[in-house]
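Structure file upload.txt with compact mmCIF, C-alpha atoms:
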```
# COMPACT_ATOMS: atom_id res chain seq x y z
CA MET A 1 150.53 88.98 26.24
CA PRO A 2 149.68 89.63 22.54
CA PRO A 3 146.62 91.78 21.82
CA LYS A 4 143.34 89.99 21.26
CA ARG A 5 142.17 89.40 17.73
CA ARG A 6 138.83 90.91 16.77
CA TYR A 7 136.87 87.68 17.02
CA GLU A 8 138.35 87.12 20.50
CA GLU A 9 137.28 90.64 21.53
CA ILE A 10 133.73 89.99 20.28
CA ALA A 11 133.58 86.63 22.06
CA ALA A 12 134.88 88.25 25.27
CA HIS A 13 132.18 90.95 25.03
CA PHE A 14 129.33 88.43 24.89
CA ARG A 15 131.02 86.14 27.41
CA ARG A 16 131.01 88.95 29.96
CA LEU A 17 127.34 89.70 29.27
CA ILE A 18 126.52 86.03 29.88
CA GLN A 19 128.65 85.76 33.03
CA ASP A 20 127.20 89.00 34.43
CA GLY A 21 123.64 87.81 33.86
CA GLU A 22 122.78 90.52 31.32
CA LEU A 23 122.20 87.68 28.88
CA ALA A 24 120.34 84.88 30.66
CA PRO A 25 119.88 81.23 29.60
CA GLY A 26 117.48 81.15 26.67
CA ASP A 27 118.16 84.76 25.59
CA THR A 28 118.93 85.26 21.91
CA LEU A 29 122.19 86.90 20.84
CA PRO A 30 122.16 89.54 18.07
CA SER A 31 122.29 88.21 14.53
CA LEU A 32 125.64 87.92 12.80
CA ARG A 33 124.63 90.84 10.58
CA LYS A 34 124.02 93.07 13.60
CA VAL A 35 127.30 91.98 15.18
CA CYS A 36 129.10 92.90 11.97
CA GLU A 37 127.48 96.33 12.01
CA GLU A 38 128.18 96.95 15.70
CA PHE A 39 131.81 95.88 15.66
CA GLY A 40 132.69 96.79 12.07
CA VAL A 41 133.89 93.31 11.13
CA ALA A 42 133.36 90.83 8.32
CA ILE A 43 130.80 88.03 8.63
CA ALA A 44 133.59 85.45 8.95
CA THR A 45 135.00 87.26 12.00
CA ALA A 46 131.61 87.48 13.71
CA ASN A 47 130.91 83.83 12.94
CA ARG A 48 134.27 82.78 14.41
CA ALA A 49 133.43 84.62 17.64
CA PHE A 50 130.08 82.83 17.84
CA GLN A 51 131.75 79.48 17.19
CA MET A 52 134.13 80.21 20.06
CA LEU A 53 131.22 80.83 22.45
CA LYS A 54 129.51 77.66 21.25
CA ALA A 55 132.69 75.61 21.78
CA GLU A 56 132.83 76.88 25.37
CA GLY A 57 129.30 75.65 25.99
CA LEU A 58 127.96 79.17 26.55
CA THR A 59 125.66 79.28 23.51
CA GLU A 60 123.83 76.92 21.19
CA ALA A 61 122.26 77.21 17.77
CA THR A 62 118.48 76.99 17.47
CA SER A 63 115.94 77.61 14.74
CA GLU A 64 115.50 81.11 16.16
CA GLY A 65 119.19 81.96 16.21
CA THR A 66 122.07 81.68 18.66
CA VAL A 67 120.85 81.54 22.27
CA VAL A 68 122.52 81.37 25.66
CA SER A 69 122.66 77.74 26.71
CA ARG A 70 121.69 76.30 30.07
CA ARG A 71 125.42 75.79 30.57
CA ASP A 72 125.10 72.49 32.40
CA GLY A 73 128.61 71.59 33.53
CA VAL A 74 130.04 75.08 32.89
CA ILE A 75 131.19 76.97 35.96
CA ALA A 76 133.22 80.06 36.73
CA THR A 77 136.23 80.27 39.03
CA GLY A 78 136.60 82.63 41.95
CA VAL A 79 138.48 85.09 39.76
CA ALA A 80 135.56 85.21 37.33
CA ARG A 81 133.25 85.94 40.25
CA LEU A 82 135.62 88.62 41.52
CA GLU A 83 135.78 90.28 38.11
CA ARG A 84 131.98 90.16 37.87
CA ARG A 85 131.76 91.83 41.29
CA GLU A 86 134.14 94.56 40.12
CA ARG A 87 132.07 95.16 36.97
CA THR A 88 128.56 94.87 38.34
CA GLY A 89 128.68 94.86 42.13
CA LYS A 90 126.93 91.46 42.08
CA ASP A 91 128.35 88.51 44.01
CA TYR A 92 126.45 85.87 42.05
CA ALA A 93 125.29 85.12 38.54
CA PRO A 94 121.58 84.44 37.97
CA GLY A 95 120.66 81.16 39.68
CA GLU A 96 123.94 80.98 41.59
CA THR A 97 124.17 80.71 45.38
CA SER A 98 126.65 79.47 47.97
CA SER A 99 126.27 77.36 51.09
CA ASN A 100 128.20 75.48 53.77
CA HIS A 101 130.47 78.43 54.62
CA ARG A 102 132.96 77.19 57.21
CA ALA A 103 136.13 78.50 58.84
CA ASP A 104 138.81 76.23 60.40
CA LEU A 105 142.29 76.65 61.80
CA ARG A 106 144.36 73.72 60.62
CA SER A 107 147.90 72.53 60.14
CA LEU A 108 148.97 73.40 56.59
CA GLY A 109 149.70 70.02 55.06
CA ASP A 110 149.80 71.04 51.39
CA ALA A 111 153.36 71.90 50.35
CA LYS A 112 152.26 73.83 47.27
CA ILE A 113 149.83 76.00 49.22
CA ALA A 114 152.53 76.61 51.85
CA GLU A 115 154.94 77.69 49.12
CA ARG A 116 152.37 80.00 47.53
CA LEU A 117 151.70 81.66 50.90
CA GLY A 118 155.37 81.86 51.87
CA MET A 119 154.70 79.74 54.98
CA GLU A 120 156.30 76.65 56.44
CA LEU A 121 154.70 73.26 55.95
CA TYR A 122 152.50 72.37 58.96
CA ASP A 123 152.22 75.97 60.14
CA GLU A 124 148.75 76.84 61.42
CA VAL A 125 146.60 78.36 58.68
CA LEU A 126 143.04 79.60 58.47
CA ILE A 127 140.99 77.87 55.78
CA ARG A 128 137.58 79.13 54.71
CA ARG A 129 135.46 76.75 52.64
CA ARG A 130 132.14 77.11 50.76
CA VAL A 131 130.10 75.29 48.15
CA PHE A 132 128.87 77.13 45.07
CA ARG A 133 125.60 76.08 43.47
CA THR A 134 123.73 76.87 40.28
CA ASP A 135 119.98 76.29 40.32
CA GLY A 136 120.50 74.37 43.55
CA LYS A 137 123.09 71.96 42.14
CA PRO A 138 126.67 71.99 43.51
CA THR A 139 129.19 73.20 40.93
CA SER A 140 132.38 73.72 42.91
CA VAL A 141 134.00 73.79 46.32
CA GLY A 142 135.95 76.96 46.99
CA TYR A 143 138.76 77.24 49.55
CA SER A 144 140.60 80.30 50.82
CA PHE A 145 143.93 79.81 52.63
CA PHE A 146 144.96 82.86 54.65
CA HIS A 147 148.35 84.07 55.81
CA PRO A 148 148.29 85.07 59.50
CA ARG A 149 148.69 88.73 58.44
CA ALA A 150 145.15 88.59 57.03
CA VAL A 151 143.63 87.29 60.26
CA ALA A 152 145.54 89.85 62.34
CA GLU A 153 143.90 92.73 60.45
CA VAL A 154 140.50 91.10 59.77
CA PRO A 155 139.71 88.77 62.70
CA GLU A 156 136.18 88.46 61.33
CA LEU A 157 137.65 85.83 59.01
CA LEU A 158 137.43 83.40 61.93
CA GLN A 159 133.65 83.69 62.03
CA GLN A 160 131.47 80.88 60.71
CA GLY A 161 129.08 81.59 57.87
CA ARG A 162 129.29 83.92 54.92
CA LEU A 163 131.24 87.15 55.40
CA GLU A 164 130.02 90.55 54.29
CA PRO A 165 131.53 92.76 53.04
CA PHE A 166 134.25 91.05 51.00
CA TRP A 167 137.21 90.62 53.37
CA GLN A 168 139.76 92.13 50.96
CA GLN A 169 137.73 95.34 50.91
CA THR A 170 137.84 95.45 54.71
CA TYR A 171 141.59 94.75 54.75
CA THR A 172 142.32 97.58 52.32
CA GLU A 173 140.14 100.01 54.28
CA ARG A 174 142.00 99.18 57.51
CA THR A 175 145.55 99.06 56.14
CA GLY A 176 145.53 101.14 52.94
CA LYS A 177 147.18 98.19 51.15
CA GLU A 178 145.85 97.12 47.75
CA PHE A 179 145.71 93.60 46.33
CA SER A 180 147.18 92.11 43.20
CA ARG A 181 146.70 88.56 41.97
CA SER A 182 148.61 85.93 40.08
CA PRO A 183 147.35 84.31 36.89
CA GLU A 184 145.17 81.27 37.44
CA GLU A 185 147.04 77.97 37.65
CA ARG A 186 145.06 74.95 36.47
CA THR A 187 145.80 71.40 37.49
CA ALA A 188 144.03 68.19 38.50
CA ARG A 189 143.97 65.81 41.46
CA LEU A 190 141.78 63.20 43.08
CA ALA A 191 138.84 64.49 45.09
CA GLY A 192 138.65 63.90 48.83
CA ARG A 193 135.64 62.15 50.34
CA GLU A 194 134.39 65.37 51.98
CA GLU A 195 134.63 67.17 48.63
CA LEU A 196 132.63 64.44 46.91
CA GLU A 197 129.97 64.76 49.59
CA ASP A 198 129.84 68.55 49.17
CA LEU A 199 129.58 68.14 45.41
CA GLU A 200 126.93 65.43 45.87
CA VAL A 201 128.93 62.94 43.82
CA VAL A 202 127.96 59.33 44.48
CA ALA A 203 130.98 57.04 44.22
CA PRO A 204 132.17 53.84 45.94
CA PRO A 205 134.46 54.49 48.93
CA GLU A 206 137.45 53.07 47.05
CA ALA A 207 136.79 55.06 43.86
CA ALA A 208 139.41 57.53 42.61
CA VAL A 209 137.52 60.53 41.22
CA PRO A 210 139.63 63.10 39.33
CA VAL A 211 138.66 66.78 39.54
CA LEU A 212 139.97 69.93 37.93
CA VAL A 213 141.48 72.49 40.29
CA VAL A 214 142.38 76.18 39.86
CA HIS A 215 144.66 78.16 42.16
CA THR A 216 144.97 81.94 42.39
CA THR A 217 147.37 83.73 44.76
CA PHE A 218 146.68 87.22 46.08
CA HIS A 219 149.44 89.58 47.22
CA THR A 220 149.83 92.89 48.98
CA GLU A 221 153.04 94.90 49.26
CA ASP A 222 153.97 92.66 52.22
CA GLY A 223 153.84 89.47 50.15
CA PRO A 224 151.36 86.64 49.49
CA ILE A 225 148.32 86.78 51.75
CA GLU A 226 145.60 84.50 50.34
CA VAL A 227 145.35 81.49 48.04
CA TRP A 228 142.09 80.53 46.39
CA GLU A 229 141.49 76.92 45.37
CA ASP A 230 138.47 76.05 43.22
CA VAL A 231 137.59 72.35 42.97
CA TRP A 232 135.10 71.65 40.19
CA THR A 233 132.42 69.04 39.99
CA PRO A 234 133.66 66.08 37.89
CA GLY A 235 132.74 66.68 34.26
CA SER A 236 132.66 70.47 34.63
CA TRP A 237 134.80 72.89 32.70
CA GLN A 238 135.58 76.56 33.09
CA ALA A 239 134.08 79.38 31.09
CA ASP A 240 136.98 81.61 30.02
CA THR A 241 137.23 84.83 32.05
CA ASP A 242 139.17 86.92 29.54
```

Written form, structure tokens:
Amino acid sequence: MPPKRRYEEIAAHFRRLIQDGELAPGDTLPSLRKVCEEFGVAIATANRAFQMLKAEGLTEATSEGTVVSRRDGVIATGVARLERRERTGKDYAPGETSSNHRADLRSLGDAKIAERLGMELYDEVLIRRRVFRTDGKPTSVGYSFFHPRAVAEVPELLQQGRLEPFWQQTYTERTGKEFSRSPEERTARLAGREELEDLEVVAPPEAAVPVLVVHTTFHTEDGPIEVWEDVWTPGSWQADTD
């Protein structure tokens, strides 16, 4: 991957501050002049970084300067949440919560998930599901598909409700095996009726509602062990995590 250009580095700096909650909706970003002084760049470079943040829906221009927007329709994937946890120790951004945590053993009917996990189609798989919300509004449905190796070492995964601590932390403590992850894979599909209900989307029973989906596969030295699937509310888009 080529190195980031300076304006991309500046945009990434402020993006992280926004995602971590250090800059909250309505907060004012430093002036372009101060950004130039802090990062040692020309005004055009600082302005390009700010335009990048604005294009992502993270900021907006006001009479008082550039402020963090309310970000309606902008959500973060599981990887963004994981990276925020690693940086700050916080599971959620300001105003973010999760609900409807459920665990089910099911036949694995998705060929792509089966391939990512290195399992056979229709093998039994544990699926954990939750709904993420911002200011009380559903933003995404998150799924975790687990290889049986995960459940063997962390049987707590079978419990209903939210798990604490993060299961990967528990797995590493018990086995000494660290995790790596694949790049995010973005695609689209039609939402299921249960997903539309979780996302509080009102649509006729026969309606085909497209949603954006992101997959991330986690590995240990033994092979793939977990696949995350984020299903976004229709009309949402992802804030870049770089």

Neighbour residues at most 6 Å from (148.5, 80.6, 41.4) (only C-alpha atoms) as a VMD selection string: chain A and resid 182 to 185 215 to 217

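Ranking A:Pro155, A:Phe145, A:Thr88, A:Arg33 by their shortest atom-to-atom distance to Leu17 (chain A), with all atoms listed in the file included, puts A:Thr88 first.
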
Nearest candidate to Arg6 (chain A) (options A:Arg87, A:His147, A:Lys34, A:Arg48; using all atoms listed in the file): A:Arg48

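For Thr139 (chain A), the set of protein, DNA and RNA residues having any atom at most 7 Å away, when counting all atoms listed in the file and skipping those fewer than 2 positions along the same chain, is Ile75, Phe132, Arg133, Thr134, Lys137, Leu199, Trp232 and Thr233 of chain A.
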
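Using all atoms listed in the file, the shortest contact distance between Phe14 (chain A) and any of A:Ile43, A:Leu158, A:Ala93, A:Leu53 is found at A:Leu53.
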
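Around the coordinate (133.9, 93.1, 49.6), residues that reach within 10 Å when counting all atoms listed in the file are Leu82, Arg85, Glu86, Gly89, Asp91, Leu163, Glu164, Pro165, Phe166, Trp167, Gln168, Gln169, Thr170, Tyr171 and Thr172 of chain A.
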